[in-house]
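Notes to accompany the following structure.
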Amino acid sequence: MCGIFATTGHVETNKMKEILESMKHRGPDEGKQVPLEGFHIGHQRLSIIGLEDGIQPISNEEQSKWIVCNGEIYNYLELKGELEQHTSFLTHSDSEVALKLIETEGVKSIAKLDGMFAFVIVDELTDTFVAARDTLGIKPLYYGRDDEGNYVFSSELKTLYLITDDVQEFPPGTYYTPETGFVRYRQIKHPDQPAQTTRREMTTVIREKLEQAIEKRLLADVEVGVLLSGGLDSSLISAIAAKKAKEQGKTVKSFCVGSAGSEDIERARDVAEAIGSDHYEYIYTQEELIEAIPHVIYALESYEPSLVRSAIPNYFVSKLASEHVKVILSGEGADEIFAGYEYMKQFQTTESLNEEIIRIINTLHNINLQRGDRMSMAHSIELRVPFLDLELIETALQIPSEQKLHTEEQMEKTILRESFDGVLPDQVLWRKKEEFSAGSGALDLLEAYANETISDAELARMNETAPVDIRSKQEALFYRYFIEYFPEQSALKTVGKWATA
């Protein structure tokens with residue numbers, strides 16, 4: 001996990017130091033920049049794989065092609081095995097596999113990569129480059145042009161604004177070259193038809209696919225922990241990770257935060273005891289929660305109220321986890337792919353439900369996934385999301401709507417719960433969904449503070465002057481901080497929005 005920067009121009013020494021410093025939280029282990037004939041690239045590294053020799057930027061043997069990459073390529077060993085017949089590797093880094101793959105097979109081979117990533121590869125010989133982002137946008141990437149027309153790329157807004165005010169979010173599932181423009185290399189599609197199997201067969205496949213997704217995301221040369229809120233999704237991830245750790249004679253570390261007496265804290269303790277994890281928790285006070293707001297918004301690069309509310313507990317739990325591990329697994333994505341949201345009951349056919357599932361999955365890049373990335377990276381820790389494994393998504397889309405939808409007879413995500421019968425205590429396995437900000441105790445505290453801080457008159461004034469609609473006092477409070485940190489108009493266009501504030 002890292003922070004990347006690349007430009008087709010040149011950056012003077014002091015400015016490049018400022019650029020690397022602005023994203024040091026994304027990679028505090030090592031920082032390096034390489035000025036080239038036609039490019040200038042930089043990287044801050046959080047070492048997860050290839051600890052000894054994985055420092056970036058990484059070049060080919062001739063030093064004619066270079067990569068800066070943020071993320072993890074989960075199938076890098078498989079791809080490396082294939083590529084070693086045609087080329088040699090200089091490091092043990094998974095990022096080098098992306099460089100060698102494209103060098104050997106061309107830009108269309110990006111579709112072979114299974115992982116979460118954002119990278120830029122520059123080619124000194126042909127004076128061109130390719131930038132790419134993973135299918136769902138799990139890892140961030142922004143781009144723009146400077147005053148001289150040079151392309152500029154970076155992991156975060158705050159870094160790119162050191163060079164240009166012309167900033168846009170790089171679209172997920174695409175690559176870009178100056179010759180082709182943006183090309184969509186992969187997208188989530190409707191299955192040809194629903195699975196023609198029994199419910200028992202479906203639950204078996206779901207269990208297999210989730211276990212495989214977690215196994216894949218345990219790949220690291222450092223310790224991997226789990227976020228455990230006590231809800232279904234994080235508890236399943238934690239239970240499976242704990243089982244796999246036990247098979248290796250280890251104990252997985254789990255982490256939870258909340259206010260005193262909050263539901264998440266109590267439930268997480270129960271789950272941790274049941275699965276035998278080495279459990280850590282932090283009880284934050286109202287004062288700490290309020291004090292964290294500006295820090296969260298600066299790191300999050302958004303003022304969307306629902307996002308900020310859930311980001312604050314994420315901020316605290318990432319801080320807690322970073323004191324013990326370098327990688328954490330999260331339950332993000334289960335509600336999307338298994339139709340866990342109440343409103344989804346309106347989509348009665350498999351086709352219409354899948355259409356909605358695909359739509360919301362494709363919006364995650366600048367809402368939930370942005371929250372997960374920024375809050376973890378604010379504390380220099382990598383977050384991975386097993387439920388958003390592409391094979392698991394494909395499996396979930398094949399389930400007929402009547403097997404997934406919440407009804408009077410069937411609670412939300414019943415088929416997921418049935419898939420792991422016996423893995424968790426029944427009171428956890430059948431616990432009703434609750435928003436993280438609600439279960440952690442943050443929701444009521446933030447609502448009360450916003451009402452105390454923002455008057456009706458101030459909300460009205462902001463709506464008269466702001467270029468966006470301010471929908472609530474919470475949104476007004478968060479927006480006020482956001483425009484202080486990101487006054488550029490282009491920043492507003494990168495903010496993902498939920499339907500309600």
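Just so we're on the same page: first chain in the structure tokens is A, next is B, and so on; residues restart at 1 for each chain, and ligands are numbered from 1 in the order they show up.
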Could you list, with a cut-off of 8 Å and counting only C-alpha atoms, the residues of segment 376-492 of chain A near segment 24-46 of chain A, each shown with its nearest atom pair and the distance in Å rounded to one decimal, rows sorted by chain and ascending number, as JSON lines?
{"residue": "A:Met377", "atom": "CA", "partner": "A:Arg26", "partner_atom": "CA", "distance": 5.1}
{"residue": "A:Ala378", "atom": "CA", "partner": "A:His25", "partner_atom": "CA", "distance": 5.7}
{"residue": "A:His379", "atom": "CA", "partner": "A:His25", "partner_atom": "CA", "distance": 6.4}
{"residue": "A:Ser380", "atom": "CA", "partner": "A:His25", "partner_atom": "CA", "distance": 5.3}
{"residue": "A:Ile381", "atom": "CA", "partner": "A:Arg26", "partner_atom": "CA", "distance": 7.8}
Run DSSP on the backbone and tell me which residues of segment 232-266 of chain A come out as helix (DSSP H, G or I); list them as number ranges by chain. A: 232-247, 263-266
I need the chosen residues saved as an mmCIF file, in the first residue's frame, with C-alpha atoms.
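Output file result07.cif is given in full below:
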data_model
loop_
_atom_site.group_PDB
_atom_site.id
_atom_site.type_symbol
_atom_site.label_atom_id
_atom_site.label_comp_id
_atom_site.auth_asym_id
_atom_site.auth_seq_id
_atom_site.Cartn_x
_atom_site.Cartn_y
_atom_site.Cartn_z
ATOM 1 C CA LEU A 232 -22.609 -10.203 10.553
ATOM 2 C CA ASP A 233 -20.170 -9.127 7.841
ATOM 3 C CA SER A 234 -17.112 -8.319 9.932
ATOM 4 C CA SER A 235 -17.813 -11.308 12.191
ATOM 5 C CA LEU A 236 -17.795 -13.731 9.252
ATOM 6 C CA ILE A 237 -14.527 -12.304 7.940
ATOM 7 C CA SER A 238 -13.025 -12.483 11.431
ATOM 8 C CA ALA A 239 -14.192 -16.046 12.079
ATOM 9 C CA ILE A 240 -12.764 -17.352 8.816
ATOM 10 C CA ALA A 241 -9.477 -15.457 9.269
ATOM 11 C CA ALA A 242 -9.242 -16.774 12.847
ATOM 12 C CA LYS A 243 -9.752 -20.338 11.626
ATOM 13 C CA LYS A 244 -7.025 -19.980 8.989
ATOM 14 C CA ALA A 245 -4.650 -18.415 11.525
ATOM 15 C CA LYS A 246 -5.294 -21.266 13.963
ATOM 16 C CA GLU A 247 -4.416 -23.794 11.244
ATOM 17 C CA GLU A 263 -23.731 -2.084 20.795
ATOM 18 C CA ASP A 264 -20.652 -2.736 18.652
ATOM 19 C CA ILE A 265 -18.318 -2.956 21.636
ATOM 20 C CA GLU A 266 -20.492 -5.500 23.436
#
My list of candidates is A:Leu136, A:Val107, A:Ile121, A:Val271. Which is closest to Val423 of chain A when distances are computed with only C-alpha atoms?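 So, comparing all the options, the nearest one is A:Val271.
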Using only C-alpha atoms, which residues sit within 8 Å of Val257 of chain A once same-chain residues fewer than 6 positions away are excluded, as number ranges by chain? A: 229, 264-265, 281-284, 313, 316-317, 440
Contacts of Glu301 of chain A within 10 Å, only C-alpha atoms, excl. fewer than 6 positions in-chain, as a PyMOL selection string: chain A and resi 156-158+308+366+370-371+374+482-483+485-486+491-492+494-495
Per-residue nearest contacts segment 119-192 of chain A to segment 79-103 of chain A, cut-off 12 Å, using only C-alpha atoms, as CSV:
residue,atom,partner,partner_atom,distance
A:Phe119,CA,A:Ala98,CA,8.7
A:Val120,CA,A:Leu99,CA,9.3
A:Ile121,CA,A:Leu99,CA,6.9
A:Val122,CA,A:Leu99,CA,9.6
A:Asp123,CA,A:Glu103,CA,9.6
A:Phe129,CA,A:Ile102,CA,11.1
A:Val130,CA,A:Ile102,CA,9.4
A:Ala131,CA,A:Leu99,CA,11.4
A:Ala132,CA,A:Ala98,CA,10.4
A:Arg133,CA,A:Ala98,CA,11.8
A:Asp134,CA,A:Ala98,CA,12.0
A:Tyr175,CA,A:Ile102,CA,11.8
Could you turn the residues from that selection into a file that holds C-alpha atoms, as a JSON list (two decimals), in the first residue's frame?
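What landed in selection.json:
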[["chain", "number", "residue", "atom", "x", "y", "z"],
["A", 119, "PHE", "CA", -0.53, 2.54, -11.14],
["A", 120, "VAL", "CA", 1.33, 4.56, -13.74],
["A", 121, "ILE", "CA", 3.91, 2.97, -16.05],
["A", 122, "VAL", "CA", 6.14, 5.33, -18.03],
["A", 123, "ASP", "CA", 8.13, 4.39, -21.13],
["A", 129, "PHE", "CA", 2.70, 6.07, -20.45],
["A", 130, "VAL", "CA", -0.25, 4.03, -19.20],
["A", 131, "ALA", "CA", -2.27, 4.75, -16.06],
["A", 132, "ALA", "CA", -4.78, 2.24, -14.68],
["A", 133, "ARG", "CA", -7.15, 1.68, -11.79],
["A", 134, "ASP", "CA", -8.75, -1.53, -10.50],
["A", 175, "TYR", "CA", -6.68, 2.43, -18.30]]
Counting only C-alpha atoms, what is within 12 Å of Glu402 of chain A, bar same-chain residues fewer than 4 positions away, as number ranges by chain? A: 194, 199, 338-339, 344-354, 398, 406-407, 409-415
Counting only C-alpha atoms, what is within 9 Å of Lys493 of chain A, bar same-chain residues fewer than 3 positions away, as JSON, numbers by chain? {"A": [168, 169, 489, 490, 496]}
Give me, as a VMD selection string, all polymer residues having an atom no more than 12 Å from Tyr449 of chain A, counting only C-alpha atoms and skipping those fewer than 4 positions away in the same chain. chain A and resid 286 to 287 289 to 291 293 442 to 445 453 to 455 473 to 478
I'd like to know which of A:Leu210, A:Met375, A:Ile67, A:Met16 is closest to Ile297 of chain A, using only C-alpha atoms.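 Smallest separation from Ile297 of chain A among the options: A:Met375.
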List every residue of segment 219-350 of chain A that DSSP, applied to the backbone of this structure, places in strand (DSSP E), and write the result as a CSV table (one decimal) with C-alpha atoms, in the first residue's frame.
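Generated file (selection_12.csv):
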chain,number,residue,atom,x,y,z
A,224,VAL,CA,-2.9,-9.4,8.9
A,225,GLY,CA,-5.6,-8.4,11.4
A,226,VAL,CA,-9.4,-8.0,11.2
A,227,LEU,CA,-11.9,-5.2,11.9
A,253,LYS,CA,-5.8,-9.9,16.1
A,254,SER,CA,-9.3,-8.2,16.0
A,255,PHE,CA,-10.1,-4.5,16.6
A,256,CYS,CA,-13.2,-2.6,17.6
A,257,VAL,CA,-14.0,0.9,18.7
A,258,GLY,CA,-17.1,2.6,20.1
A,278,ASP,CA,-6.6,-11.6,20.3
A,279,HIS,CA,-9.1,-8.7,20.7
A,280,TYR,CA,-8.3,-5.0,21.1
A,281,GLU,CA,-10.8,-2.3,21.7
A,282,TYR,CA,-10.9,1.5,22.2
A,283,ILE,CA,-13.6,3.5,23.9
A,327,VAL,CA,-2.9,-5.0,7.1
A,328,ILE,CA,-6.6,-5.3,8.1
A,329,LEU,CA,-9.6,-7.1,6.6
Using atom CA of Thr363 of chain A and atom CA of Trp498 of chain A as the two end points, give the distance in Å to one decimal. 9.6 Å
Atom CA of Glu18 of chain A and atom CA of Thr159 of chain A are how many Å apart?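 Pair atom CA of Glu18 of chain A / atom CA of Thr159 of chain A returns 8.6 Å.
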Shortest interatomic distance to Glu332 of chain A - which of A:Phe420, A:Phe387, A:Tyr74, A:Tyr143, counting only C-alpha atoms: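 Ranking A:Phe420, A:Phe387, A:Tyr74, A:Tyr143 by distance to Glu332 of chain A, first place goes to A:Phe387.
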For a test of reading the model, state the distance in Å between atom CA of Leu388 of chain A and atom CA of Ile361 of chain A, rounded to one decimal.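 About the pair atom CA of Leu388 of chain A and atom CA of Ile361 of chain A: they are 8.8 Å apart.
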